[in-house]
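Single-structure report; data block below.
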Amino acid sequence: MKHIETYIAQAVRGAVESLYGPLADEQLQIQKTRREFEGDYTLVAFPLLRRSRKSPEATATEIGEYMQAHVSEIRSFNVIKGFLNLTLDSSFWQDRFAEIVADEHFGEAPATGRTVMIEYSSPNTNKPLHLGHIRNNLLGYSVAQILKANGHKVIKVNLVNDRGIHICKSMLAWKLYGNGETPESTGMKGDHLVGKYYVEFDKHYKAQVKELMAQGMSEDEAKKQAPILREAQEMLRKWEAKDPEVYALWERMNGWVYAGFDVTYKALGVDFDKVYYESQTYLLGKSLVEEGLRKGVFYRREDNSVWIDLRNDGLDEKLLLRGDGTSVYMTQDLGTAYRRFEDNRLDDMIYVVGNEQNYHFQVLKLVLKKLGYPEWSDHITHLSYGMVELPEGKMKSREGTVVDADDLIADMVATAREMSAELGKLADCSEAEADAVSTMVGLGALKYFILKVDPKKTMLFDPRESIDFNGNTGPFIQYTHARIRSLLRKAAEAGIELQGDAAAEYLPEEIALVKLLTDYPATVAAAGADFAPSIIGAYVYELSKQFNGYYHDHAILREERAEVRRMRLQLAGQVARVIRSGMALLGIDVPERM
RNA sequence: GGUUCCGUAGCUCAGUUGGAUAGAGCAACAGCCUUCUAAGCUGUGGGUCGCGCGUUCGAACCGCGCCGGAAUCACCA
């Protein structure tokens with residue numbers, strides 16, 4: 001189905017041009033009529049005054065009269081100040097509704113042939129996932145869903161930071177204090193067990209620093225000299241040299257972490273088409289650095305380190321390769337970017353990474369451009385998101401104020417369960433069904449809460465108060481869906497035929513719902529263009545809210561006129577369908593009952 | 001100090017890319033369940049859109065300058 005606004009715009013343009021002659025695009029301003037005024041679409045007359053040489057009111061009236069006479073879909077119009085409000089005939093909307101019902105792929109754009117890669121999650125393997133990762137994962141997954149709905153081929157990738165000093169810290173602490181503990185022996189999730197030893201390391205490290213300082217060493221020196229840190233650094237060197245014992249321990253403990261992550265990812269409902277491991281990619285990019293040196297884009301310092309000078313671009317000098325020839329973050333990212341574009345013929349590459357990396361991505365794009373790959377540079381998007389803060393301020397792992405992802409998910413589900421029990425909602429359900437619904441609702445609340453916020457903004461998360469199940473929330477939308485599904489079940493039980501002709505007079509509220517439904521494809525397109533799940537969230541909420549008002553005021557199943565009842569059931573069914581579809585773009589499931 | 005981002009109701013957030021009287025939810029208060037699920041619906045109160053100047057028919061939105069906050073500017077990843 002074509003976007004209706006485009007169709008209307010063409011009709012209006014035709015009318016205005018036959019009155020005043022050819023128009024530039026910016027002179028034709030059409031928008032949906034605001035709710036407080038009567039009408040479907042509004043033409044702003046001000047930009048046309050120079051052509052009409054009349055007052056705003058006279059211009060708008062003239063166009064309105066012309067359109068009413070010449071465009072069959074226009075039923076009436078009114079003019080308020082310089083605004084021409086056009087009302088379409090209700091048969092126009094009924095035809096649109098019939099199109100929606102018939103369209104099996106409503107809301108999905110046809111294939112574009114474009115391939116987009118999106119990287120998200122990108123965890124370290126030394127500790128479990130936390131609230132910040134949740135925002136990242138939900139954003140990445142949702143944007144991937146939205147891009148698919150926009151007709152792109154999407155490749156979801158994870159880049160796991162599985163190597164480095166942080167992993168060695170956990171490994172060493174486990175070796176020293178672990179007594180051979182395993183996830184099996186302790187019953188702990190693997191990522192939590194490894195995280196426990198990361199904390200353990202920090203404890204001993206701090207104690208050692210304190211002791212060295214008590215012996216008269218300066219703080220800076222003590223922080224460098226603490227034996228346990230030296231040992232961890234030694235371990236990293238051994239790892240790079242592929243020392244069999246260290247390597248085996250590394251593989252074993254990372255294996256625990258991956259098993260743990262898998263559980264969390266599954267609980268969150270996110271997945272990946274491909275997982276990259278930094279241990280396999282960290283050497284990439286060195287040849288690109290060589291290339292940059294040859295081209296004179298980079299330069300080498302006396303100590304052999306390689307740099308790029310970006311001061312003319314408003315940035316600083318940036319290190320690309322260490323003096324000892326080992327790679328840094330930027331080296332690796334250049335390499336992976338190169339490989340990804342070469343291997344996959346990507347049209348776009350999206351990185352879902354926190355805003356603390358804004359500078360990094362500025363540099364990455366500039367370096368690629370200067371290396372002579374503007375076609376990549378221009379198609380890299382850093383989908384930057386703000387921190388999630390707690391009422392006490394920022395999360396700090398050292399102070400134990402981190403909100404653990406697994407705990408949070410479990411809490412949300414438990415709360416949903418309690419709420420259901422309190423409201424007596426799932427009394428006649430099986431235990432398994434009650435579990436499934438509570439999981440959907442708890443996660444729906446969490447996901448919607450996070451995704452409705454503009455990613456750029458730092459957001460506040462109050463574990464006690466923020467997550468609500470009433471008002472502008474995931475459960476509100478899920479509930480709307482469940483009520484409609486209940487209606488349809490009952491209709492089926494009563495043997496009411498839903499298919500077929502449903503010719504009936506539409507109420508204004510019903511036209512309003514149809515209008516909202518027709519907005520869905522354009523909403524999906526807008527969300528895709530901006531990588532903005534929040535646009536979908538706002539739309540689905542609006543649709544639910546509007547339907548709830550309608551549901552409250554009008555009988556649907558209890559309506560006695562058969563064709564009106566059928567039309568209303570069909571309308572409700574399409575609302576439920578679009579809710580389900582939109583929520584799926586957010587990665588949120590909707591229940592049949594709740 | 002440089003760069004980037006943010007600032008809208010007591011709180012959490014929208015605001016269709018410059019349009020009409022700036023909107024939701026939460027919290028507060030007042031109502032609505034013998035009738036399709038009350039996780040719902042209706043109503044009341046609540047605003048110097050951080051501040052100032054400019055651009056124009058028109059600015060929360062664009063430009064400039066301030067104020068406040070965040071991130072970053074590492075031979076960490």
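FYI, nothing fancy with the structure tokens labels: chains A, B, ... in order, residues from 1 per chain, ligands from 1 as they appear.
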Pull the closest atom pair for each residue of chain A that gets at most 7 Å from chain B, along with the distance in Å to one decimal, counting only C-alpha atoms (C1' of nucleotides), ordering rows by chain and then ascending residue number, as JSON lines.
{"residue": "A:Phe46", "atom": "CA", "partner": "B:C57", "partner_atom": "C1'", "distance": 6.9}
{"residue": "A:Leu315", "atom": "CA", "partner": "B:U3", "partner_atom": "C1'", "distance": 6.8}
{"residue": "A:Arg322", "atom": "CA", "partner": "B:C75", "partner_atom": "C1'", "distance": 5.0}
{"residue": "A:Gly323", "atom": "CA", "partner": "B:C75", "partner_atom": "C1'", "distance": 6.7}
{"residue": "A:Tyr329", "atom": "CA", "partner": "B:A77", "partner_atom": "C1'", "distance": 6.1}
{"residue": "A:Asn355", "atom": "CA", "partner": "B:A71", "partner_atom": "C1'", "distance": 6.5}
{"residue": "A:Glu356", "atom": "CA", "partner": "B:A71", "partner_atom": "C1'", "distance": 5.2}
{"residue": "A:Tyr359", "atom": "CA", "partner": "B:U72", "partner_atom": "C1'", "distance": 6.2}
{"residue": "A:Val453", "atom": "CA", "partner": "B:C13", "partner_atom": "C1'", "distance": 6.8}
{"residue": "A:Lys457", "atom": "CA", "partner": "B:C6", "partner_atom": "C1'", "distance": 6.5}
{"residue": "A:Phe469", "atom": "CA", "partner": "B:A39", "partner_atom": "C1'", "distance": 6.0}
{"residue": "A:Asn470", "atom": "CA", "partner": "B:A39", "partner_atom": "C1'", "distance": 5.9}
{"residue": "A:Gly471", "atom": "CA", "partner": "B:G25", "partner_atom": "C1'", "distance": 5.2}
{"residue": "A:Asn472", "atom": "CA", "partner": "B:G25", "partner_atom": "C1'", "distance": 5.0}
{"residue": "A:Pro475", "atom": "CA", "partner": "B:A39", "partner_atom": "C1'", "distance": 6.5}
{"residue": "A:Phe476", "atom": "CA", "partner": "B:A39", "partner_atom": "C1'", "distance": 6.2}
{"residue": "A:Tyr479", "atom": "CA", "partner": "B:A39", "partner_atom": "C1'", "distance": 6.5}
{"residue": "A:Arg483", "atom": "CA", "partner": "B:U37", "partner_atom": "C1'", "distance": 6.0}
{"residue": "A:Leu487", "atom": "CA", "partner": "B:C36", "partner_atom": "C1'", "distance": 6.2}
{"residue": "A:Gly549", "atom": "CA", "partner": "B:C41", "partner_atom": "C1'", "distance": 6.6}
{"residue": "A:His552", "atom": "CA", "partner": "B:C41", "partner_atom": "C1'", "distance": 6.2}
{"residue": "A:Ala555", "atom": "CA", "partner": "B:C36", "partner_atom": "C1'", "distance": 6.8}
{"residue": "A:Ile556", "atom": "CA", "partner": "B:C36", "partner_atom": "C1'", "distance": 6.5}
{"residue": "A:Leu557", "atom": "CA", "partner": "B:C36", "partner_atom": "C1'", "distance": 5.4}
{"residue": "A:Arg558", "atom": "CA", "partner": "B:C36", "partner_atom": "C1'", "distance": 6.1}
Those in segment 262-342 of chain A with helix (DSSP H, G or I) from DSSP, as a VMD selection string: chain A and resid 262 to 268 278 to 281 286 to 295 311 to 313 329 to 342
Residues near C61 of chain B, cut-off 12 Å, only C-alpha atoms (C1' of nucleotides), skip fewer than 5 positions along chain, as a list in words: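 Once the nearby chain positions are removed, what remains is U8, G15, U17, G18, G19, A22 and C49 of chain B.
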Could you write those residues out with N, CA and C atoms (P, O5', C5', C4', C3', O3' and C1' of nucleotides), as a short mmCIF file (atom, residue, chain, number, x, y, z; two decimals), in the first residue's frame?
data_model
loop_
_atom_site.label_atom_id
_atom_site.label_comp_id
_atom_site.auth_asym_id
_atom_site.auth_seq_id
_atom_site.Cartn_x
_atom_site.Cartn_y
_atom_site.Cartn_z
P U B 8 14.77 19.25 31.27
"O5'" U B 8 13.70 19.84 30.27
"C5'" U B 8 13.32 21.20 30.34
"C4'" U B 8 11.94 21.40 29.80
"C3'" U B 8 10.86 20.58 30.47
"O3'" U B 8 10.41 21.16 31.69
"C1'" U B 8 10.64 20.35 28.14
P G B 15 10.54 12.25 20.23
"O5'" G B 15 9.57 13.45 19.83
"C5'" G B 15 8.35 13.19 19.16
"C4'" G B 15 7.49 14.43 19.19
"C3'" G B 15 8.12 15.68 18.57
"O3'" G B 15 7.95 15.69 17.17
"C1'" G B 15 7.18 16.22 20.66
P U B 17 8.12 16.32 9.95
"O5'" U B 17 9.58 16.58 9.35
"C5'" U B 17 9.98 17.89 9.14
"C4'" U B 17 10.69 18.43 10.37
"C3'" U B 17 11.91 19.27 10.03
"O3'" U B 17 12.05 20.27 11.03
"C1'" U B 17 12.55 17.46 11.38
P G B 18 12.94 21.53 10.77
"O5'" G B 18 12.17 22.77 11.36
"C5'" G B 18 11.47 22.68 12.60
"C4'" G B 18 10.22 23.52 12.53
"C3'" G B 18 9.34 23.22 11.32
"O3'" G B 18 7.97 23.47 11.62
"C1'" G B 18 9.95 25.47 11.31
P G B 19 7.10 22.35 12.37
"O5'" G B 19 6.31 23.26 13.40
"C5'" G B 19 4.99 22.92 13.70
"C4'" G B 19 4.16 24.18 13.84
"C3'" G B 19 2.67 23.89 13.69
"O3'" G B 19 1.98 24.80 14.53
"C1'" G B 19 3.32 25.44 12.05
P A B 22 0.25 26.06 24.05
"O5'" A B 22 0.55 24.52 23.91
"C5'" A B 22 0.80 23.91 22.63
"C4'" A B 22 1.73 22.75 22.79
"C3'" A B 22 1.36 21.79 23.92
"O3'" A B 22 0.49 20.79 23.43
"C1'" A B 22 3.66 22.33 24.01
P C B 49 8.99 28.78 28.37
"O5'" C B 49 9.63 27.38 28.78
"C5'" C B 49 11.03 27.19 28.65
"C4'" C B 49 11.30 25.74 28.45
"C3'" C B 49 12.40 25.45 27.44
"O3'" C B 49 13.14 24.33 27.89
"C1'" C B 49 10.43 24.40 26.75
#
Coordinates-based distance that separates atom CA of Lys196 of chain A from atom CA of Met253 of chain A (Å, one decimal):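 About the pair atom CA of Met253 of chain A and atom CA of Lys196 of chain A: they are 12.1 Å apart.
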Strand (DSSP E or B) positions in segment 111-324 of chain A, given as a PDB file with C-alpha atoms, in the first residue's frame:
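Final file, part_36.pdb:
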ATOM      1  CA  THR A 115      22.919  -5.558   3.300  1.00  0.00           C
ATOM      2  CA  VAL A 116      23.417  -4.015   6.704  1.00  0.00           C
ATOM      3  CA  MET A 117      25.653  -5.366   9.435  1.00  0.00           C
ATOM      4  CA  ILE A 118      24.911  -4.420  13.007  1.00  0.00           C
ATOM      5  CA  GLU A 119      27.323  -5.067  15.830  1.00  0.00           C
ATOM      6  CA  ASN A 124      34.134  -8.559  28.075  1.00  0.00           C
ATOM      7  CA  HIS A 130      24.774  -5.701  33.568  1.00  0.00           C
ATOM      8  CA  LYS A 153      19.236  -7.950   4.688  1.00  0.00           C
ATOM      9  CA  VAL A 154      20.600  -7.736   8.216  1.00  0.00           C
ATOM     10  CA  ILE A 155      23.616  -9.484   9.700  1.00  0.00           C
ATOM     11  CA  LYS A 156      23.718  -9.353  13.484  1.00  0.00           C
ATOM     12  CA  VAL A 157      27.187  -9.724  14.913  1.00  0.00           C
ATOM     13  CA  ASN A 158      28.758  -9.810  18.337  1.00  0.00           C
ATOM     14  CA  LEU A 159      32.390  -8.914  18.942  1.00  0.00           C
ATOM     15  CA  VAL A 160      33.504 -10.613  22.122  1.00  0.00           C
ATOM     16  CA  ASN A 161      36.433  -9.102  23.948  1.00  0.00           C
ATOM     17  CA  LYS A 274      27.930 -14.367  13.691  1.00  0.00           C
ATOM     18  CA  VAL A 275      30.228 -14.008  16.687  1.00  0.00           C
ATOM     19  CA  TYR A 276      33.671 -12.480  16.309  1.00  0.00           C
ATOM     20  CA  TYR A 277      36.308 -13.060  18.969  1.00  0.00           C
ATOM     21  CA  TYR A 299      53.796   8.783  10.619  1.00  0.00           C
ATOM     22  CA  ARG A 300      56.246   6.907  12.826  1.00  0.00           C
ATOM     23  CA  VAL A 306      52.611   4.920  14.644  1.00  0.00           C
ATOM     24  CA  TRP A 307      50.308   7.949  14.806  1.00  0.00           C
ATOM     25  CA  ILE A 308      47.924  10.032  12.800  1.00  0.00           C
ATOM     26  CA  ASP A 309      47.666  13.780  13.226  1.00  0.00           C
ATOM     27  CA  GLU A 317      46.984  13.038  17.495  1.00  0.00           C
ATOM     28  CA  LYS A 318      45.966   9.433  17.785  1.00  0.00           C
ATOM     29  CA  LEU A 319      48.036   6.310  18.371  1.00  0.00           C
ATOM     30  CA  LEU A 320      47.487   3.511  15.859  1.00  0.00           C
ATOM     31  CA  LEU A 321      50.217   1.020  16.702  1.00  0.00           C
TER      32      LEU A 321
END
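Atom to atom, atom CA of Ile146 of chain A and atom CA of Phe531 of chain A stand 7.8 Å apart.
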Distance of atom CA of Arg53 of chain A from atom CA of Gly82 of chain A, expressed in Å to one decimal place: 13.5 Å
Selection near Val540 of chain A, 12 Å with only C-alpha atoms (C1' of nucleotides), sequence-local residues under 3 positions removed, as a PyMOL selection string: chain A and resi 448+452+472-478+480-481+516-517+519-520+523-524+533-537+543-547+575-586+588
Near-G50 of chain B list (12 Å; only C-alpha atoms (C1' of nucleotides); drop same-chain fewer than 6 positions) as a count of residues only: 8
Spatial neighbours of Leu28 of chain A, max dist 12 Å, only C-alpha atoms (C1' of nucleotides), sep filter under 2 positions, as a list in words: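 Listed by chain and then number, they are Thr6, Ile8, Ala9, Gln10, Ala11, Val12, Arg13, Gly14, Ala15, Val16, Glu17, Pro22, Leu23, Ala24, Asp25, Glu26, Ile30, Gln31, Thr42, Leu43, Val44, Ala45, Phe46, Pro47, Leu48, Leu49 and Arg51 of chain A.
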Take the residues from that selection and put them in a file with C-alpha atoms, as a PDB file, in the first residue's frame.
ATOM      1  CA  THR A   6       2.054  10.949  -0.516  1.00  0.00           C
ATOM      2  CA  ILE A   8      -2.906  13.196  -0.623  1.00  0.00           C
ATOM      3  CA  ALA A   9       0.060  15.440  -1.286  1.00  0.00           C
ATOM      4  CA  GLN A  10      -0.206  14.693  -5.006  1.00  0.00           C
ATOM      5  CA  ALA A  11      -3.891  15.536  -5.048  1.00  0.00           C
ATOM      6  CA  VAL A  12      -3.289  18.799  -3.225  1.00  0.00           C
ATOM      7  CA  ARG A  13      -0.391  19.681  -5.480  1.00  0.00           C
ATOM      8  CA  GLY A  14      -2.589  19.095  -8.499  1.00  0.00           C
ATOM      9  CA  ALA A  15      -5.219  21.434  -7.133  1.00  0.00           C
ATOM     10  CA  VAL A  16      -2.824  24.172  -6.080  1.00  0.00           C
ATOM     11  CA  GLU A  17      -0.869  24.059  -9.339  1.00  0.00           C
ATOM     12  CA  PRO A  22       4.037  25.039 -10.713  1.00  0.00           C
ATOM     13  CA  LEU A  23       5.240  24.805  -7.107  1.00  0.00           C
ATOM     14  CA  ALA A  24       8.523  24.064  -5.409  1.00  0.00           C
ATOM     15  CA  ASP A  25       8.494  21.191  -2.930  1.00  0.00           C
ATOM     16  CA  GLU A  26       8.991  23.403   0.096  1.00  0.00           C
ATOM     17  CA  ILE A  30       0.985  18.958   4.197  1.00  0.00           C
ATOM     18  CA  GLN A  31       0.623  17.378   7.581  1.00  0.00           C
ATOM     19  CA  THR A  42      -3.923  20.013   6.649  1.00  0.00           C
ATOM     20  CA  LEU A  43      -2.373  22.279   4.070  1.00  0.00           C
ATOM     21  CA  VAL A  44      -0.416  25.226   5.426  1.00  0.00           C
ATOM     22  CA  ALA A  45      -1.321  28.220   3.303  1.00  0.00           C
ATOM     23  CA  PHE A  46       1.407  30.668   4.342  1.00  0.00           C
ATOM     24  CA  PRO A  47       4.053  29.506   1.846  1.00  0.00           C
ATOM     25  CA  LEU A  48       1.542  29.990  -0.988  1.00  0.00           C
ATOM     26  CA  LEU A  49       0.607  33.594  -0.294  1.00  0.00           C
ATOM     27  CA  ARG A  51       1.566  32.968  -5.495  1.00  0.00           C
TER      28      ARG A  51
END
